[in-house]
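Have a look at run-v3.pdb below; it lists PDB, C-alpha atoms and all ligand atoms.
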```pdb
ATOM      1  CA  LYS A1168      20.023  -1.189 -25.781  1.00  0.00           C
ATOM      2  CA  LYS A1169      17.816   1.890 -26.041  1.00  0.00           C
ATOM      3  CA  SER A1170      14.200   1.541 -26.971  1.00  0.00           C
ATOM      4  CA  SER A1171      11.278   3.904 -26.928  1.00  0.00           C
ATOM      5  CA  LEU A1172       8.168   3.041 -24.967  1.00  0.00           C
ATOM      6  CA  GLY A1173       6.510   1.915 -28.187  1.00  0.00           C
ATOM      7  CA  GLU A1174       8.839  -1.045 -28.488  1.00  0.00           C
ATOM      8  CA  THR A1175       9.214  -1.992 -24.850  1.00  0.00           C
ATOM      9  CA  LYS A1176       9.707  -5.690 -24.212  1.00  0.00           C
ATOM     10  CA  ILE A1177       8.416  -7.299 -21.055  1.00  0.00           C
ATOM     11  CA  ALA A1178       9.076 -10.844 -19.839  1.00  0.00           C
ATOM     12  CA  VAL A1179       6.970 -12.622 -17.233  1.00  0.00           C
ATOM     13  CA  LEU A1180       9.026 -14.728 -14.791  1.00  0.00           C
ATOM     14  CA  GLY A1181       8.312 -17.019 -11.870  1.00  0.00           C
ATOM     15  CA  MET A1182       8.077 -20.675 -10.955  1.00  0.00           C
ATOM     16  CA  ALA A1183       5.939 -23.082 -12.945  1.00  0.00           C
ATOM     17  CA  GLY A1184       2.297 -23.025 -11.899  1.00  0.00           C
ATOM     18  CA  VAL A1185       2.151 -19.530 -10.383  1.00  0.00           C
ATOM     19  CA  GLY A1186      -0.199 -18.412 -13.147  1.00  0.00           C
ATOM     20  CA  LYS A1187       2.023 -16.543 -15.616  1.00  0.00           C
ATOM     21  CA  SER A1188       0.128 -17.836 -18.631  1.00  0.00           C
ATOM     22  CA  ALA A1189      -3.264 -17.319 -16.996  1.00  0.00           C
ATOM     23  CA  LEU A1190      -2.326 -13.700 -16.205  1.00  0.00           C
ATOM     24  CA  CYS A1191      -1.138 -13.030 -19.759  1.00  0.00           C
ATOM     25  CA  VAL A1192      -4.289 -14.533 -21.215  1.00  0.00           C
ATOM     26  CA  ARG A1193      -6.423 -12.565 -18.749  1.00  0.00           C
ATOM     27  CA  PHE A1194      -4.603  -9.351 -19.639  1.00  0.00           C
ATOM     28  CA  LEU A1195      -5.008  -9.973 -23.357  1.00  0.00           C
ATOM     29  CA  THR A1196      -8.585 -11.267 -23.417  1.00  0.00           C
ATOM     30  CA  LYS A1197     -10.045  -9.956 -20.137  1.00  0.00           C
ATOM     31  CA  ARG A1198     -11.048 -13.534 -19.472  1.00  0.00           C
ATOM     32  CA  PHE A1199      -9.847 -16.411 -17.331  1.00  0.00           C
ATOM     33  CA  ILE A1200      -9.337 -19.261 -19.729  1.00  0.00           C
ATOM     34  CA  GLY A1201      -8.487 -22.666 -18.372  1.00  0.00           C
ATOM     35  CA  GLU A1202      -7.744 -24.095 -21.786  1.00  0.00           C
ATOM     36  CA  TYR A1203      -4.465 -22.937 -23.241  1.00  0.00           C
ATOM     37  CA  ASP A1204      -1.246 -24.590 -24.204  1.00  0.00           C
ATOM     38  CA  GLN A1205       0.443 -25.047 -20.833  1.00  0.00           C
ATOM     39  CA  ALA A1206       3.798 -26.029 -22.301  1.00  0.00           C
ATOM     40  CA  SER A1207       4.378 -23.352 -24.884  1.00  0.00           C
ATOM     41  CA  GLU A1208       6.244 -20.091 -24.640  1.00  0.00           C
ATOM     42  CA  ASN A1209       4.248 -17.289 -26.190  1.00  0.00           C
ATOM     43  CA  LYS A1210       5.180 -13.818 -27.285  1.00  0.00           C
ATOM     44  CA  TYR A1211       2.359 -11.320 -27.701  1.00  0.00           C
ATOM     45  CA  LYS A1212       2.130  -7.882 -29.265  1.00  0.00           C
ATOM     46  CA  CYS A1213       0.033  -5.722 -26.963  1.00  0.00           C
ATOM     47  CA  ALA A1214      -1.611  -2.353 -27.263  1.00  0.00           C
ATOM     48  CA  THR A1215      -2.936  -0.330 -24.371  1.00  0.00           C
ATOM     49  CA  THR A1216      -3.324   3.264 -23.263  1.00  0.00           C
ATOM     50  CA  LEU A1217      -1.012   4.837 -20.752  1.00  0.00           C
ATOM     51  CA  GLU A1218      -1.776   8.316 -19.437  1.00  0.00           C
ATOM     52  CA  GLY A1219      -3.994   8.940 -22.433  1.00  0.00           C
ATOM     53  CA  GLU A1220      -1.473   7.801 -25.016  1.00  0.00           C
ATOM     54  CA  SER A1221      -1.720   4.570 -26.913  1.00  0.00           C
ATOM     55  CA  VAL A1222       1.376   2.436 -26.548  1.00  0.00           C
ATOM     56  CA  THR A1223       2.416  -0.933 -27.845  1.00  0.00           C
ATOM     57  CA  PHE A1224       4.729  -3.411 -26.219  1.00  0.00           C
ATOM     58  CA  GLU A1225       5.751  -7.040 -26.488  1.00  0.00           C
ATOM     59  CA  LEU A1226       4.919  -9.510 -23.761  1.00  0.00           C
ATOM     60  CA  LEU A1227       6.785 -12.792 -23.318  1.00  0.00           C
ATOM     61  CA  ASP A1228       5.096 -15.493 -21.292  1.00  0.00           C
ATOM     62  CA  THR A1229       8.098 -17.626 -20.404  1.00  0.00           C
ATOM     63  CA  ARG A1230       7.988 -21.369 -20.092  1.00  0.00           C
ATOM     64  CA  SER A1231       9.755 -21.635 -16.769  1.00  0.00           C
ATOM     65  CA  ASN A1232      10.933 -24.701 -15.013  1.00  0.00           C
ATOM     66  CA  ASN A1233      11.618 -24.645 -11.314  1.00  0.00           C
ATOM     67  CA  ASP A1234      15.364 -24.373 -11.773  1.00  0.00           C
ATOM     68  CA  ASP A1235      15.431 -21.312 -13.973  1.00  0.00           C
ATOM     69  CA  MET A1236      12.117 -19.543 -13.180  1.00  0.00           C
ATOM     70  CA  GLY A1237      12.246 -18.361 -16.797  1.00  0.00           C
ATOM     71  CA  VAL A1238      15.518 -16.473 -16.205  1.00  0.00           C
ATOM     72  CA  ARG A1239      17.482 -17.555 -19.261  1.00  0.00           C
ATOM     73  CA  ASP A1240      20.188 -15.640 -21.117  1.00  0.00           C
ATOM     74  CA  ASP A1241      18.123 -15.086 -24.238  1.00  0.00           C
ATOM     75  CA  VAL A1242      15.091 -13.937 -22.245  1.00  0.00           C
ATOM     76  CA  VAL A1243      17.056 -11.522 -20.063  1.00  0.00           C
ATOM     77  CA  ARG A1244      18.915 -10.078 -23.038  1.00  0.00           C
ATOM     78  CA  TRP A1245      15.662  -9.600 -24.956  1.00  0.00           C
ATOM     79  CA  ALA A1246      13.567  -7.940 -22.254  1.00  0.00           C
ATOM     80  CA  ASP A1247      13.621  -4.335 -21.023  1.00  0.00           C
ATOM     81  CA  GLY A1248      11.520  -5.046 -17.954  1.00  0.00           C
ATOM     82  CA  PHE A1249      10.218  -8.002 -15.981  1.00  0.00           C
ATOM     83  CA  VAL A1250       7.074  -9.076 -14.195  1.00  0.00           C
ATOM     84  CA  LEU A1251       7.981 -11.304 -11.243  1.00  0.00           C
ATOM     85  CA  VAL A1252       5.065 -13.544 -10.334  1.00  0.00           C
ATOM     86  CA  TYR A1253       4.517 -15.738  -7.299  1.00  0.00           C
ATOM     87  CA  SER A1254       1.439 -17.477  -5.992  1.00  0.00           C
ATOM     88  CA  VAL A1255       0.143 -16.357  -2.594  1.00  0.00           C
ATOM     89  CA  THR A1256      -0.676 -20.045  -2.040  1.00  0.00           C
ATOM     90  CA  SER A1257       2.972 -21.131  -2.203  1.00  0.00           C
ATOM     91  CA  ARG A1258       5.703 -19.764   0.011  1.00  0.00           C
ATOM     92  CA  GLN A1259       8.386 -21.370  -2.133  1.00  0.00           C
ATOM     93  CA  THR A1260       7.301 -19.468  -5.255  1.00  0.00           C
ATOM     94  CA  PHE A1261       7.605 -16.255  -3.203  1.00  0.00           C
ATOM     95  CA  GLU A1262      10.977 -17.006  -1.649  1.00  0.00           C
ATOM     96  CA  VAL A1263      12.770 -17.701  -4.931  1.00  0.00           C
ATOM     97  CA  LEU A1264      12.054 -14.233  -6.294  1.00  0.00           C
ATOM     98  CA  ALA A1265      14.767 -12.407  -4.328  1.00  0.00           C
ATOM     99  CA  GLU A1266      17.265 -14.702  -6.069  1.00  0.00           C
ATOM    100  CA  VAL A1267      15.579 -14.104  -9.426  1.00  0.00           C
ATOM    101  CA  ARG A1268      16.000 -10.388  -8.932  1.00  0.00           C
ATOM    102  CA  ARG A1269      19.700 -10.849  -8.051  1.00  0.00           C
ATOM    103  CA  ARG A1270      20.250 -12.904 -11.198  1.00  0.00           C
ATOM    104  CA  LEU A1271      18.559 -10.233 -13.312  1.00  0.00           C
ATOM    105  CA  GLU A1272      20.781  -7.499 -11.893  1.00  0.00           C
ATOM    106  CA  ASP A1273      23.884  -9.645 -12.540  1.00  0.00           C
ATOM    107  CA  MET A1274      22.928 -10.623 -16.074  1.00  0.00           C
ATOM    108  CA  LYS A1275      21.530  -7.297 -17.239  1.00  0.00           C
ATOM    109  CA  LYS A1276      24.534  -5.218 -16.160  1.00  0.00           C
ATOM    110  CA  VAL A1277      22.529  -2.078 -15.575  1.00  0.00           C
ATOM    111  CA  ASN A1278      22.025  -0.279 -12.285  1.00  0.00           C
ATOM    112  CA  HIS A1279      18.331  -0.684 -12.029  1.00  0.00           C
ATOM    113  CA  VAL A1280      16.434  -3.412 -13.843  1.00  0.00           C
ATOM    114  CA  PRO A1281      12.746  -2.428 -14.028  1.00  0.00           C
ATOM    115  CA  VAL A1282      10.579  -5.047 -12.335  1.00  0.00           C
ATOM    116  CA  ILE A1283       7.135  -5.296 -10.834  1.00  0.00           C
ATOM    117  CA  LEU A1284       6.080  -7.900  -8.278  1.00  0.00           C
ATOM    118  CA  LEU A1285       2.729  -9.694  -8.564  1.00  0.00           C
ATOM    119  CA  GLY A1286       1.223 -12.013  -5.964  1.00  0.00           C
ATOM    120  CA  ASN A1287      -1.257 -14.085  -7.973  1.00  0.00           C
ATOM    121  CA  LYS A1288      -4.155 -16.351  -6.902  1.00  0.00           C
ATOM    122  CA  ALA A1289      -5.387 -13.868  -4.306  1.00  0.00           C
ATOM    123  CA  ASP A1290      -8.808 -15.486  -4.726  1.00  0.00           C
ATOM    124  CA  LEU A1291      -7.577 -18.627  -2.914  1.00  0.00           C
ATOM    125  CA  ALA A1292      -7.741 -17.103   0.573  1.00  0.00           C
ATOM    126  CA  HIS A1293      -8.313 -20.444   2.307  1.00  0.00           C
ATOM    127  CA  VAL A1294      -4.956 -21.822   1.134  1.00  0.00           C
ATOM    128  CA  ARG A1295      -2.917 -18.655   1.392  1.00  0.00           C
ATOM    129  CA  GLN A1296       0.703 -19.045   2.578  1.00  0.00           C
ATOM    130  CA  VAL A1297       2.065 -15.544   1.927  1.00  0.00           C
ATOM    131  CA  THR A1298       0.486 -12.452   3.468  1.00  0.00           C
ATOM    132  CA  GLN A1299      -0.026  -9.206   1.612  1.00  0.00           C
ATOM    133  CA  ASP A1300       2.360  -7.528   4.097  1.00  0.00           C
ATOM    134  CA  GLU A1301       5.130  -9.965   3.204  1.00  0.00           C
ATOM    135  CA  GLY A1302       4.610  -9.152  -0.472  1.00  0.00           C
ATOM    136  CA  ALA A1303       4.791  -5.441   0.249  1.00  0.00           C
ATOM    137  CA  ARG A1304       7.945  -5.921   2.319  1.00  0.00           C
ATOM    138  CA  LEU A1305       9.706  -7.842  -0.480  1.00  0.00           C
ATOM    139  CA  ALA A1306       8.688  -5.144  -2.953  1.00  0.00           C
ATOM    140  CA  ALA A1307      10.238  -2.523  -0.652  1.00  0.00           C
ATOM    141  CA  GLU A1308      13.467  -4.559  -0.515  1.00  0.00           C
ATOM    142  CA  LEU A1309      13.514  -4.850  -4.283  1.00  0.00           C
ATOM    143  CA  SER A1310      12.382  -1.212  -4.668  1.00  0.00           C
ATOM    144  CA  CYS A1311       9.625  -2.117  -7.059  1.00  0.00           C
ATOM    145  CA  SER A1312       5.871  -1.817  -7.110  1.00  0.00           C
ATOM    146  CA  PHE A1313       3.631  -4.617  -5.942  1.00  0.00           C
ATOM    147  CA  MET A1314       0.100  -5.838  -6.390  1.00  0.00           C
ATOM    148  CA  GLU A1315      -1.878  -8.851  -5.344  1.00  0.00           C
ATOM    149  CA  VAL A1316      -3.952 -10.084  -8.249  1.00  0.00           C
ATOM    150  CA  SER A1317      -6.066 -12.971  -9.418  1.00  0.00           C
ATOM    151  CA  ALA A1318      -6.131 -14.219 -12.980  1.00  0.00           C
ATOM    152  CA  SER A1319      -9.372 -15.980 -12.190  1.00  0.00           C
ATOM    153  CA  GLU A1320     -11.309 -13.019 -10.855  1.00  0.00           C
ATOM    154  CA  ASP A1321     -12.493  -9.846 -12.439  1.00  0.00           C
ATOM    155  CA  VAL A1322     -10.738  -7.458 -10.079  1.00  0.00           C
ATOM    156  CA  THR A1323     -12.374  -4.397 -11.610  1.00  0.00           C
ATOM    157  CA  LYS A1324     -15.694  -5.866 -10.572  1.00  0.00           C
ATOM    158  CA  ARG A1325     -14.463  -6.345  -7.020  1.00  0.00           C
ATOM    159  CA  LEU A1326     -13.224  -2.781  -6.753  1.00  0.00           C
ATOM    160  CA  GLY A1327     -16.347  -1.312  -8.347  1.00  0.00           C
TER     161      GLY A1327
HETATM  162  P1  LIG B1401       2.345 -20.870 -15.280  1.00  0.00           P
HETATM  163  O1  LIG B1401       3.051 -22.187 -15.242  1.00  0.00           O
HETATM  164  O2  LIG B1401       3.000 -19.871 -14.368  1.00  0.00           O
HETATM  165  O3  LIG B1401       2.144 -20.328 -16.655  1.00  0.00           O
HETATM  166  O4  LIG B1401       0.894 -21.128 -14.638  1.00  0.00           O
HETATM  167  P2  LIG B1401      -0.511 -21.277 -15.387  1.00  0.00           P
HETATM  168  O5  LIG B1401      -0.976 -19.986 -15.937  1.00  0.00           O
HETATM  169  O6  LIG B1401      -0.432 -22.417 -16.339  1.00  0.00           O
HETATM  170  O7  LIG B1401      -1.459 -21.647 -14.147  1.00  0.00           O
HETATM  171  C1  LIG B1401      -1.215 -22.790 -13.349  1.00  0.00           C
HETATM  172  C2  LIG B1401      -2.532 -23.250 -12.742  1.00  0.00           C
HETATM  173  O8  LIG B1401      -3.020 -22.278 -11.819  1.00  0.00           O
HETATM  174  C3  LIG B1401      -3.643 -23.438 -13.768  1.00  0.00           C
HETATM  175  O9  LIG B1401      -4.412 -24.550 -13.391  1.00  0.00           O
HETATM  176  C4  LIG B1401      -4.448 -22.164 -13.655  1.00  0.00           C
HETATM  177  O10 LIG B1401      -5.798 -22.347 -14.031  1.00  0.00           O
HETATM  178  C5  LIG B1401      -4.318 -21.845 -12.180  1.00  0.00           C
HETATM  179  N1  LIG B1401      -4.402 -20.397 -11.901  1.00  0.00           N
HETATM  180  C6  LIG B1401      -3.687 -19.417 -12.492  1.00  0.00           C
HETATM  181  N2  LIG B1401      -3.978 -18.219 -11.969  1.00  0.00           N
HETATM  182  C7  LIG B1401      -4.916 -18.428 -11.021  1.00  0.00           C
HETATM  183  C8  LIG B1401      -5.618 -17.573 -10.110  1.00  0.00           C
HETATM  184  O11 LIG B1401      -5.441 -16.355 -10.048  1.00  0.00           O
HETATM  185  N3  LIG B1401      -6.502 -18.176  -9.262  1.00  0.00           N
HETATM  186  C9  LIG B1401      -6.725 -19.522  -9.275  1.00  0.00           C
HETATM  187  N4  LIG B1401      -7.620 -19.998  -8.422  1.00  0.00           N
HETATM  188  N5  LIG B1401      -6.083 -20.354 -10.114  1.00  0.00           N
HETATM  189  C10 LIG B1401      -5.183 -19.824 -10.974  1.00  0.00           C
HETATM  190 MG    MG B1402       2.761 -21.000 -18.511  1.00  0.00          MG
END
```

Would it be possible to restate this file's structure as structure tokens?
Amino acid sequence: KKSSLGETKIAVLGMAGVGKSALCVRFLTKRFIGEYDQASENKYKCATTLEGESVTFELLDTRSNNDDMGVRDDVVRWADGFVLVYSVTSRQTFEVLAEVRRRLEDMKKVNHVPVILLGNKADLAHVRQVTQDEGARLAAELSCSFMEVSASEDVTKRLG
């Protein structure tokens, strides 16, 4: 399936509770919103600028359970790329992602499935279970890029 950047489809995967929905809502509204439908699976049309060009893409916030992490046939077939999310406060949510990546490679039948790794809830330093180094090491194993983020904090403010 070939698609231009303008119609790229991205699915957000990871265990329940890692903050997939909060991150999507934050990305779309620039706000942390506690009140949203926790159970639903939402597909969004997004527009942003990339290297000075405006691009559109579709974003699927999967409704994952802790058996499938959102990795379902229909989702994997639909998406061109994947955001793998764990919570830095839960080692289990981190450890399952190597298996998620393996499943994606098996199901997608292409040499390199584009993924990015996000360690969410970086604001909860006092209950952290996964270090930033461990995140970076997993990203190196998966040959993908990696960022620690927080859906609840305005990161641009912190950097600025
Ligand atoms: P999902 O099941 O992966 O979609 O997770 P949700 O987006 O529903 O988030 C699960 C819970 O974690 C909710 O109570 C969120 O408010 C909370 N949460 C999500 N992201 C963050 C974050 O970055 N920091 C903190 N402190 N809480 C978060
Ligand atoms: Mg959700």

Could you pull the residues within 6 Å of segment 1226-1237 of chain A, counting all atoms listed in the file, minus those fewer than 2 positions along the same chain, as number ranges by chain? A: 1177-1183, 1208-1211, 1239

Neighbours of ligand LIG 1401 (chain B) within 6 Å, counting only C-alpha atoms and all ligand atoms, as a ChimeraX atom specification? /A:1183-1189,1201,1205,1287-1288,1290-1291,1317-1319

Selected residue of minimal separation from Met1314 of chain A among A:Cys1213, A:Val1238, A:Leu1251, A:Leu1264, counting only C-alpha atoms: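 Closest residue, counting only C-alpha atoms: A:Leu1251.
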
Using the chain letters and residue numbers of this document, give as a PyMOL selection string the residues selected by the PyMOL selection byres (((chain A and resi 1303) around 12) and not hetatm). chain A and resi 1261+1283-1286+1297-1302+1304-1315

Restricted to C-alpha atoms, what would the selected residues look like written as a short mmCIF file (atom, residue, chain, number, x, y, z; two decimals), in the coordinates of the input?
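Output file part.cif is given in full below:
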```
data_model
loop_
_atom_site.label_atom_id
_atom_site.label_comp_id
_atom_site.auth_asym_id
_atom_site.auth_seq_id
_atom_site.Cartn_x
_atom_site.Cartn_y
_atom_site.Cartn_z
CA PHE A 1261 7.60 -16.26 -3.20
CA ILE A 1283 7.14 -5.30 -10.83
CA LEU A 1284 6.08 -7.90 -8.28
CA LEU A 1285 2.73 -9.69 -8.56
CA GLY A 1286 1.22 -12.01 -5.96
CA VAL A 1297 2.06 -15.54 1.93
CA THR A 1298 0.49 -12.45 3.47
CA GLN A 1299 -0.03 -9.21 1.61
CA ASP A 1300 2.36 -7.53 4.10
CA GLU A 1301 5.13 -9.96 3.20
CA GLY A 1302 4.61 -9.15 -0.47
CA ARG A 1304 7.94 -5.92 2.32
CA LEU A 1305 9.71 -7.84 -0.48
CA ALA A 1306 8.69 -5.14 -2.95
CA ALA A 1307 10.24 -2.52 -0.65
CA GLU A 1308 13.47 -4.56 -0.52
CA LEU A 1309 13.51 -4.85 -4.28
CA SER A 1310 12.38 -1.21 -4.67
CA CYS A 1311 9.62 -2.12 -7.06
CA SER A 1312 5.87 -1.82 -7.11
CA PHE A 1313 3.63 -4.62 -5.94
CA MET A 1314 0.10 -5.84 -6.39
CA GLU A 1315 -1.88 -8.85 -5.34
#
```

To one decimal place, how far is atom CA of Glu1266 of chain A from atom CA of Val1294 of chain A in Å? 24.4 Å

Can you work out the spacing between atom CA of Leu1190 of chain A and atom CA of Arg1269 of chain A in Å, to one decimal? 23.7 Å

How many Å lie between atom CA of Leu1217 of chain A and atom CA of Val1250 of chain A, rounded to one decimal?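 Atom CA of Leu1217 of chain A sits 17.4 Å away from atom CA of Val1250 of chain A.
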
For Val1252 of chain A, which residue among A:Val1222, A:Lys1176, A:Val1316, A:His1279 is the nearest when counting all atoms listed in the file?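 Closest candidate: A:Val1316.
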
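Residue nearest Thr1256 of chain A, chosen from A:Arg1295, A:Lys1275, A:Arg1193, A:Arg1268 and counting all atoms listed in the file: A:Arg1295.
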
Using all atoms listed in the file, can you tell me which of A:Cys1191, A:Phe1249, A:Glu1320, A:Val1243 comes closest to Asp1273 of chain A?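 Answer, going by the shortest atom-to-atom distance: A:Val1243.
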
Centre and edges of the segment 1235-1250 of chain A box, axis-aligned, 5 Å extra per side, as lines of an AutoDock Vina configuration file:
```
center_x = 13.6
center_y = -12.8
center_z = -19.1
size_x = 23.1
size_y = 27.0
size_z = 21.8
```

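Minimum atom-to-atom distances from A:Thr1175, A:Gly1219, A:Ser1254, A:Val1192 to ligand MG 1402 (chain B) were compared using only C-alpha atoms and all ligand atoms, and the lowest value belongs to A:Val1192.
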